[in-house]
Structures are given as C-alpha cells and as structure tokens.
$ cat run_17.txt   # compact mmCIF, C-alpha atoms
# COMPACT_ATOMS: atom_id res chain seq x y z
CA ALA A 27 339.73 146.41 124.94
CA GLN A 28 341.62 145.27 128.00
CA ARG A 29 340.76 141.76 129.03
CA VAL A 30 342.23 139.00 131.18
CA THR A 31 341.16 135.39 130.70
CA GLN A 32 341.72 132.62 133.19
CA PRO A 33 340.29 129.54 131.48
CA GLU A 34 340.23 127.28 134.53
CA LYS A 35 337.73 128.07 137.23
CA LEU A 36 338.94 125.15 139.37
CA LEU A 37 342.25 123.33 139.45
CA SER A 38 343.05 120.39 141.67
CA VAL A 39 346.48 118.78 142.05
CA PHE A 40 348.23 116.52 144.52
CA LYS A 41 350.93 117.70 146.88
CA GLY A 42 354.31 117.60 145.20
CA ALA A 43 352.89 117.75 141.69
CA PRO A 44 353.68 120.62 139.32
CA VAL A 45 351.01 123.26 138.92
CA GLU A 46 350.33 125.77 136.18
CA LEU A 47 347.59 128.37 136.33
CA LYS A 48 346.85 129.84 132.93
CA CYS A 49 346.35 133.50 132.14
CA ASN A 50 345.91 135.17 128.76
CA TYR A 51 345.44 138.85 128.21
CA SER A 52 344.35 141.32 125.59
CA TYR A 53 345.86 144.80 125.62
CA SER A 54 346.94 147.13 122.87
CA GLY A 55 349.96 148.66 124.60
CA SER A 56 352.57 147.36 127.03
CA PRO A 57 350.75 146.26 130.13
CA GLU A 58 352.11 145.30 133.48
CA LEU A 59 350.99 141.84 134.60
CA PHE A 60 350.35 140.63 138.12
CA TRP A 61 349.26 137.57 140.04
CA TYR A 62 347.21 138.14 143.18
CA VAL A 63 346.32 135.45 145.71
CA GLN A 64 343.55 135.23 148.27
CA TYR A 65 343.94 132.60 150.95
CA SER A 66 340.89 131.46 152.88
CA ARG A 67 339.51 134.29 155.08
CA GLN A 68 342.35 136.62 154.12
CA ARG A 69 342.48 139.69 151.95
CA LEU A 70 343.72 139.81 148.40
CA GLN A 71 347.49 140.21 148.25
CA LEU A 72 350.05 140.62 145.54
CA LEU A 73 351.96 137.42 144.78
CA LEU A 74 354.22 138.63 142.00
CA ARG A 75 354.52 141.10 139.14
CA HIS A 76 356.25 140.48 135.85
CA ILE A 77 358.63 143.44 135.99
CA SER A 78 360.24 142.24 139.19
CA ARG A 79 361.00 138.80 137.71
CA GLU A 80 361.07 137.27 141.19
CA SER A 81 360.13 133.89 142.51
CA ILE A 82 357.73 134.17 145.44
CA LYS A 83 356.85 131.09 147.53
CA GLY A 84 358.30 129.01 144.72
CA PHE A 85 355.99 130.52 142.10
CA THR A 86 357.23 132.04 138.86
CA ALA A 87 355.47 133.63 135.91
CA ASP A 88 356.92 134.61 132.56
CA LEU A 89 355.37 137.18 130.31
CA ASN A 90 355.06 135.83 126.77
CA LYS A 91 354.16 138.77 124.56
CA GLY A 92 353.85 136.62 121.44
CA GLU A 93 351.21 134.42 123.04
CA THR A 94 349.91 137.22 125.28
CA SER A 95 350.15 134.90 128.25
CA PHE A 96 351.36 135.15 131.84
CA HIS A 97 351.00 131.66 133.24
CA LEU A 98 351.81 131.01 136.90
CA LYS A 99 353.92 127.94 137.64
CA LYS A 100 355.26 126.05 140.60
CA PRO A 101 357.24 122.82 140.24
CA PHE A 102 356.08 121.20 143.50
CA ALA A 103 352.73 122.26 144.92
CA GLN A 104 352.18 122.44 148.69
CA GLU A 105 348.90 122.16 150.60
CA GLU A 106 349.30 125.74 151.81
CA ASP A 107 349.17 126.90 148.18
CA SER A 108 345.44 126.15 148.15
CA ALA A 109 343.80 129.51 147.46
CA MET A 110 342.07 131.67 144.89
CA TYR A 111 344.46 133.10 142.29
CA TYR A 112 343.73 136.13 140.15
CA CYS A 113 345.69 137.31 137.15
CA ALA A 114 345.53 141.05 136.54
CA LEU A 115 346.93 143.67 134.23
CA SER A 116 347.35 147.40 134.41
CA GLY A 117 348.35 150.05 131.96
CA LEU A 118 348.64 153.72 132.68
CA SER A 119 345.50 155.48 131.66
CA GLN A 120 343.45 158.49 132.65
CA GLY A 121 345.29 160.78 135.03
CA GLY A 122 347.96 158.22 135.79
CA SER A 123 345.38 155.71 136.92
CA GLU A 124 346.87 152.26 137.33
CA LYS A 125 343.51 150.57 137.51
CA LEU A 126 343.75 146.81 137.51
CA VAL A 127 341.81 144.55 135.15
CA PHE A 128 341.25 141.16 136.76
CA GLY A 129 340.49 137.72 135.43
CA LYS A 130 337.70 135.72 137.04
CA GLY A 131 340.12 133.72 139.11
CA THR A 132 341.20 130.09 139.50
CA LYS A 133 340.58 128.19 142.68
CA LEU A 134 343.56 125.95 143.33
CA THR A 135 343.20 122.98 145.63
CA VAL A 136 346.27 121.00 146.60
CA ASN A 137 345.31 117.60 147.95
CA PRO A 138 347.48 115.68 150.45
CA ASN B 25 350.38 149.67 160.26
CA ALA B 26 346.95 148.06 160.30
CA GLY B 27 346.65 147.95 156.54
CA VAL B 28 343.68 149.10 154.52
CA MET B 29 340.53 149.16 156.63
CA GLN B 30 337.00 148.84 155.32
CA ASN B 31 333.75 149.09 157.22
CA PRO B 32 331.30 147.74 157.61
CA ARG B 33 332.39 144.23 156.62
CA HIS B 34 328.81 143.22 155.98
CA LEU B 35 325.94 145.54 155.08
CA VAL B 36 322.32 144.61 154.51
CA ARG B 37 319.99 147.09 152.88
CA ARG B 38 316.43 146.94 151.54
CA ARG B 39 315.72 148.05 147.99
CA GLY B 40 315.56 151.82 147.75
CA GLN B 41 317.80 152.51 150.76
CA GLU B 42 321.25 154.08 150.68
CA ALA B 43 324.50 152.22 151.26
CA ARG B 44 327.69 153.93 152.49
CA LEU B 45 330.92 152.01 152.35
CA ARG B 46 334.05 153.36 154.00
CA CYS B 47 337.70 152.80 153.23
CA SER B 48 340.65 154.02 155.29
CA PRO B 49 343.86 153.72 153.29
CA MET B 50 347.18 152.61 154.67
CA LYS B 51 349.13 155.28 156.49
CA GLY B 52 350.90 157.53 154.03
CA HIS B 53 348.86 156.42 151.01
CA SER B 54 346.97 159.13 149.18
CA HIS B 55 345.58 157.05 146.30
CA VAL B 56 342.44 154.95 146.61
CA TYR B 57 340.85 152.56 144.15
CA TRP B 58 337.39 150.96 144.46
CA TYR B 59 336.54 147.62 142.83
CA ARG B 60 333.34 145.59 142.74
CA GLN B 61 333.14 141.82 142.60
CA LEU B 62 329.87 140.26 141.52
CA PRO B 63 329.29 136.56 142.28
CA GLU B 64 331.44 134.26 140.12
CA GLU B 65 333.22 137.25 138.59
CA GLY B 66 336.61 138.91 138.95
CA LEU B 67 337.08 142.30 140.53
CA LYS B 68 336.04 145.19 138.29
CA PHE B 69 337.45 148.69 138.61
CA MET B 70 335.03 151.41 139.59
CA VAL B 71 336.85 154.60 140.52
CA TYR B 72 340.29 156.02 141.37
CA LEU B 73 340.63 158.94 143.75
CA GLN B 74 343.32 161.06 145.26
CA LYS B 75 342.74 163.34 148.21
CA GLU B 76 339.80 165.62 147.30
CA ASN B 77 339.90 164.60 143.64
CA ILE B 78 338.27 161.98 141.45
CA ILE B 79 340.88 161.04 138.87
CA ASP B 80 339.24 158.21 136.94
CA GLU B 81 335.60 157.21 137.32
CA SER B 82 335.34 155.30 134.05
CA GLY B 83 334.06 152.19 135.83
CA MET B 84 331.35 153.85 137.88
CA PRO B 85 327.71 153.35 136.90
CA LYS B 86 326.31 156.64 135.65
CA GLU B 87 323.51 156.84 138.17
CA ARG B 88 323.15 156.26 141.92
CA PHE B 89 326.87 155.70 142.56
CA SER B 90 329.26 158.33 143.87
CA ALA B 91 332.63 158.37 145.60
CA GLU B 92 334.67 160.85 147.55
CA PHE B 93 338.01 161.00 149.34
CA PRO B 94 337.99 164.10 151.55
CA LYS B 95 341.04 165.83 152.93
CA GLU B 96 340.30 164.32 156.31
CA GLY B 97 338.71 160.97 156.90
CA PRO B 98 338.07 157.84 154.90
CA SER B 99 337.06 157.44 151.29
CA ILE B 100 333.33 156.84 150.91
CA LEU B 101 331.53 154.90 148.20
CA ARG B 102 327.86 155.82 148.24
CA ILE B 103 325.10 153.91 146.52
CA GLN B 104 321.70 155.56 146.48
CA GLN B 105 318.41 153.71 146.03
CA VAL B 106 320.04 150.30 146.03
CA VAL B 107 318.70 147.50 143.85
CA ARG B 108 319.22 143.75 144.10
CA GLY B 109 321.83 143.92 141.33
CA ASP B 110 324.06 146.02 143.61
CA SER B 111 324.61 143.00 145.85
CA ALA B 112 328.32 142.31 145.61
CA ALA B 113 331.62 142.51 147.43
CA TYR B 114 333.19 145.96 147.27
CA PHE B 115 336.94 146.23 147.72
CA CYS B 116 339.13 149.24 148.08
CA ALA B 117 342.87 149.39 147.58
CA SER B 118 345.34 152.09 148.44
CA SER B 119 348.77 152.93 147.13
CA HIS B 120 351.49 155.46 146.73
CA PHE B 121 351.56 156.90 143.22
CA LEU B 122 352.36 154.21 140.65
CA ARG B 123 353.15 151.66 143.34
CA GLU B 124 351.64 148.39 144.54
CA GLN B 125 347.98 148.46 145.50
CA PHE B 126 347.15 147.05 148.93
CA PHE B 127 343.65 145.71 149.32
CA GLY B 128 341.20 145.91 152.18
CA PRO B 129 339.10 142.98 153.38
CA GLY B 130 336.05 144.12 151.43
CA THR B 131 332.46 145.01 152.29
CA ARG B 132 329.82 142.47 151.36
CA LEU B 133 326.61 144.29 150.44
CA THR B 134 323.36 142.36 150.39
CA VAL B 135 320.23 144.03 149.05
CA LEU B 136 316.97 142.42 150.12
$ encode --input "run_17.txt" --output "structure tokens"
Amino acid sequence: AQRVTQPEKLLSVFKGAPVELKCNYSYSGSPELFWYVQYSRQRLQLLLRHISRESIKGFTADLNKGETSFHLKKPFAQEEDSAMYYCALSGLSQGGSEKLVFGKGTKLTVNP
Amino acid sequence: NAGVMQNPRHLVRRRGQEARLRCSPMKGHSHVYWYRQLPEEGLKFMVYLQKENIIDESGMPKERFSAEFPKEGPSILRIQQVVRGDSAAYFCASSHFLREQFFGPGTRLTVL
C-alpha cells in the first residue's frame, strides 16, 4: 500500500536554526516524491520534487531509498518559512493517473 | 493566468441536501484531480478526470459522490444527500499530462 508518514505534527524552531521535517514513505515501485507548502491563507503549492534535485528557498530534500525517507532540510530557518508542509508521493497508476498520496502535514513555526 | 479557481469557497448544507463543487482548471490544462481533506488529516485522492472522461475514480466513495469534467465548463464534484461526515475541505488540482499539479484554494463544506 502507498503511504506517507510525517511523524511530527508540529515543529517549532528559532530563526537561524537548522530545520528538518521528516517524511517516510511506503511504496512498492519507484515513486516520485514531493514537498508541498501552504502558507497562511494561501493555496497549496509545490516546493520541490526529488527528480529535479533543486534547492528552493534554501530547502533541499534527498531521497533515501534504503531508508525510504525524503526529509526536508534547511540550514538556517527564516520567519517566513512558517507554514504547513506536506510530503507527497506519486506513482503512475490507472490510466496514467499521477494521483498524489499525502502525509498529514507538519506545521512549522519559526520564532524570532 | 488566474490559476485554478474553485467555487464556492465556503458551502453550508443541511443533512440530505446536495452539494455541488466547481473547479475551473488553469488555462490549457485538461487534467483535473479532486482531493478531500478531513480535519487533522492530509489530502486524500478522490478522482482524476480528463475532458469528458473519468480516468481513475479509485478514491471516490461508492455512493452519493460523482464527478464530471464536460467538454465546456468547469469540473463538478457532486455529493448527494450529504451527511455530517462529508464536512471537509475539497481541493482540485489541474495539470498538463504527467506534469506538476496546481491546486485551487479549496471549498470548505460544512454539513449541519
């Protein structure tokens, strides 16, 4: 079964501190992994995807197939990073459907 | 490009009534996904549609729920005879084939 687990419901750090949001997944094939972010009163938007191997807003995430993890990291958190973060996976299925399977999300608060 | 549009943003229905949720995809997108988010949960896939076709409805409840994406006009998610358990946020996303999904702001359904 496809499953995404985000063990931390809430995460609070101080500005300038490193931050790591954990994500573990369960999938039998080769999934594609994503991080989505939802800032206050805004819509859900894609932050990064593992195949692009980019750094967006200072965030990086490495896919570890051995540990089935896709943790999101940033070395120096900023107050504007405060938001809800969702890890998600997709794998091609019925009819080319790229349906996303989401974790429950982690609410990150960066304190001044 | 106004992005994915959903209306209404908030919908209140009494038990037994019908709810119709609309989603207008981004210009040029012909693929629409619907997701439901229950309180304290992540988004869960419901259905994937292309113009005039349902491609994957593996996440749709068997009864009372239906979806369409006509040749002209928005995609519609219809819930008949709503119950309190249908109260949730409903999100749609649109994409080109096998490309990034862009999300709408969601419709928050409250069943009294």
$ atom_distance --input "run_17.txt" --atom1 "CA of Gln28 (chain A)" --atom2 "CA of Val106 (chain B)"
28.6 Å
$ atom_distance --input "run_17.txt" --atom1 "CA of Asn77 (chain B)" --atom2 "CA of Arg69 (chain A)"
26.4 Å
$ closest_atom_pairs --input "run_17.txt" --of "chain B" --to "chain A" --cutoff "7 Å" --atoms "only C-alpha atoms" --output "Markdown table"
| residue | atom | partner | partner_atom | distance |
| --- | --- | --- | --- | --- |
| B:Glu65 | CA | A:Lys130 | CA | 5.0 |
| B:Gly66 | CA | A:Lys130 | CA | 3.9 |
| B:Leu67 | CA | A:Phe128 | CA | 5.7 |
| B:Lys68 | CA | A:Val127 | CA | 6.6 |
| B:Phe69 | CA | A:Lys125 | CA | 6.4 |
| B:Tyr72 | CA | A:Ser123 | CA | 6.8 |
| B:Ile79 | CA | A:Gly121 | CA | 5.9 |
| B:Asp80 | CA | A:Gln120 | CA | 6.0 |
| B:Leu122 | CA | A:Glu124 | CA | 6.7 |
| B:Phe126 | CA | A:Gln71 | CA | 6.9 |
| B:Phe127 | CA | A:Leu70 | CA | 6.0 |
| B:Gly128 | CA | A:Arg69 | CA | 6.4 |
| B:Pro129 | CA | A:Arg69 | CA | 4.9 |
$ atom_distance --input "run_17.txt" --atom1 "CA of Ala87 (chain A)" --atom2 "CA of Lys99 (chain A)"
6.1 Å
$ residues_near_point --input "run_17.txt" --point "(339.9, 170.4, 149.5)" --cutoff "8 Å" --atoms "all atoms listed in the file" --output "list of chain:residue names"
B:Lys75, B:Glu76, B:Pro94, B:Lys95
$ decode --input "run_17.txt" --residues "region 44-84 of chain A" --atoms "N, CA and C atoms" --output "CSV table (one decimal), in the first residue's frame"
chain,number,residue,atom,x,y,z
A,44,PRO,N,18.9,25.4,12.3
A,44,PRO,CA,18.6,24.4,11.2
A,44,PRO,C,17.2,23.7,11.4
A,45,VAL,N,16.6,23.3,10.4
A,45,VAL,CA,15.3,22.7,10.5
A,45,VAL,C,15.3,21.5,9.6
A,46,GLU,N,14.7,20.4,10.1
A,46,GLU,CA,14.5,19.2,9.3
A,46,GLU,C,13.1,18.7,9.5
A,47,LEU,N,12.3,18.5,8.5
A,47,LEU,CA,11.0,18.0,8.5
A,47,LEU,C,11.1,16.6,8.0
A,48,LYS,N,10.6,15.6,8.8
A,48,LYS,CA,10.8,14.2,8.4
A,48,LYS,C,9.6,13.7,7.6
A,49,CYS,N,10.0,12.8,6.7
A,49,CYS,CA,9.0,12.2,5.8
A,49,CYS,C,9.5,10.7,5.5
A,50,ASN,N,8.7,9.8,5.7
A,50,ASN,CA,8.9,8.4,5.4
A,50,ASN,C,7.8,7.9,4.5
A,51,TYR,N,8.1,7.0,3.6
A,51,TYR,CA,7.1,6.5,2.7
A,51,TYR,C,7.1,5.0,2.5
A,52,SER,N,6.0,4.5,2.0
A,52,SER,CA,5.9,3.1,1.7
A,52,SER,C,5.3,3.0,0.3
A,53,TYR,N,6.1,2.3,-0.6
A,53,TYR,CA,5.7,2.2,-2.0
A,53,TYR,C,6.4,1.1,-2.6
A,54,SER,N,5.8,0.2,-3.3
A,54,SER,CA,6.4,-1.0,-3.9
A,54,SER,C,7.3,-0.7,-5.1
A,55,GLY,N,7.0,0.3,-5.8
A,55,GLY,CA,7.7,0.6,-7.0
A,55,GLY,C,8.7,1.7,-6.9
A,56,SER,N,8.9,2.6,-7.9
A,56,SER,CA,9.7,3.7,-7.8
A,56,SER,C,8.9,5.0,-7.8
A,57,PRO,N,8.6,5.5,-6.7
A,57,PRO,CA,7.7,6.7,-6.6
A,57,PRO,C,8.5,8.0,-6.9
A,58,GLU,N,7.7,9.0,-7.2
A,58,GLU,CA,8.3,10.3,-7.3
A,58,GLU,C,7.8,11.0,-6.0
A,59,LEU,N,8.7,11.7,-5.3
A,59,LEU,CA,8.5,12.4,-4.0
A,59,LEU,C,8.4,13.9,-4.2
A,60,PHE,N,7.6,14.5,-3.4
A,60,PHE,CA,7.4,15.9,-3.5
A,60,PHE,C,7.3,16.5,-2.0
A,61,TRP,N,7.6,17.8,-1.9
A,61,TRP,CA,7.2,18.6,-0.8
A,61,TRP,C,6.3,19.7,-1.3
A,62,TYR,N,5.1,19.8,-0.6
A,62,TYR,CA,4.2,20.9,-0.9
A,62,TYR,C,4.2,21.8,0.4
A,63,VAL,N,3.9,23.1,0.2
A,63,VAL,CA,3.9,24.0,1.3
A,63,VAL,C,2.6,24.9,1.2
A,64,GLN,N,2.0,25.2,2.3
A,64,GLN,CA,0.8,26.0,2.3
A,64,GLN,C,1.1,27.1,3.4
A,65,TYR,N,1.3,28.3,2.9
A,65,TYR,CA,1.5,29.5,3.7
A,65,TYR,C,0.1,29.9,4.2
A,66,SER,N,0.1,30.7,5.3
A,66,SER,CA,-1.2,31.1,5.8
A,66,SER,C,-2.0,31.8,4.8
A,67,ARG,N,-3.3,31.4,4.6
A,67,ARG,CA,-4.3,32.0,3.7
A,67,ARG,C,-3.9,31.9,2.3
A,68,GLN,N,-3.0,31.0,1.9
A,68,GLN,CA,-2.6,30.8,0.5
A,68,GLN,C,-2.9,29.3,0.1
A,69,ARG,N,-2.9,29.1,-1.1
A,69,ARG,CA,-3.2,27.7,-1.6
A,69,ARG,C,-1.9,26.9,-1.5
A,70,LEU,N,-2.1,25.6,-1.6
A,70,LEU,CA,-1.1,24.6,-1.6
A,70,LEU,C,-0.2,24.8,-2.8
A,71,GLN,N,1.1,24.8,-2.7
A,71,GLN,CA,2.0,25.0,-3.8
A,71,GLN,C,3.2,24.0,-3.7
A,72,LEU,N,3.7,23.7,-4.9
A,72,LEU,CA,4.8,22.7,-4.9
A,72,LEU,C,6.1,23.5,-4.4
A,73,LEU,N,6.8,22.9,-3.5
A,73,LEU,CA,8.1,23.4,-3.1
A,73,LEU,C,9.2,22.8,-3.8
A,74,LEU,N,9.3,21.5,-3.8
A,74,LEU,CA,10.3,20.8,-4.6
A,74,LEU,C,9.9,19.4,-4.8
A,75,ARG,N,10.6,18.8,-5.9
A,75,ARG,CA,10.4,17.4,-6.2
A,75,ARG,C,11.7,16.7,-6.3
A,76,HIS,N,11.8,15.5,-6.0
A,76,HIS,CA,13.1,14.8,-5.9
A,76,HIS,C,13.8,14.7,-7.2
A,77,ILE,N,13.1,14.6,-8.3
A,77,ILE,CA,13.8,14.4,-9.6
A,77,ILE,C,14.5,15.6,-10.1
A,78,SER,N,14.0,16.8,-9.6
A,78,SER,CA,14.7,18.0,-10.1
A,78,SER,C,15.9,18.3,-9.3
A,79,ARG,N,16.1,17.8,-8.1
A,79,ARG,CA,17.3,17.9,-7.3
A,79,ARG,C,17.7,19.4,-7.2
A,80,GLU,N,16.7,20.2,-7.0
A,80,GLU,CA,16.9,21.7,-6.8
A,80,GLU,C,16.9,22.1,-5.4
A,81,SER,N,17.4,23.3,-5.1
A,81,SER,CA,17.2,23.9,-3.8
A,81,SER,C,16.3,25.1,-4.0
A,82,ILE,N,15.1,25.1,-3.3
A,82,ILE,CA,14.1,26.1,-3.4
A,82,ILE,C,14.0,26.8,-2.1
A,83,LYS,N,14.2,28.1,-2.1
A,83,LYS,CA,14.1,29.0,-0.9
A,83,LYS,C,15.0,28.4,0.2
A,84,GLY,N,16.1,27.8,-0.2
A,84,GLY,CA,17.1,27.3,0.7
A,84,GLY,C,16.8,25.9,1.2
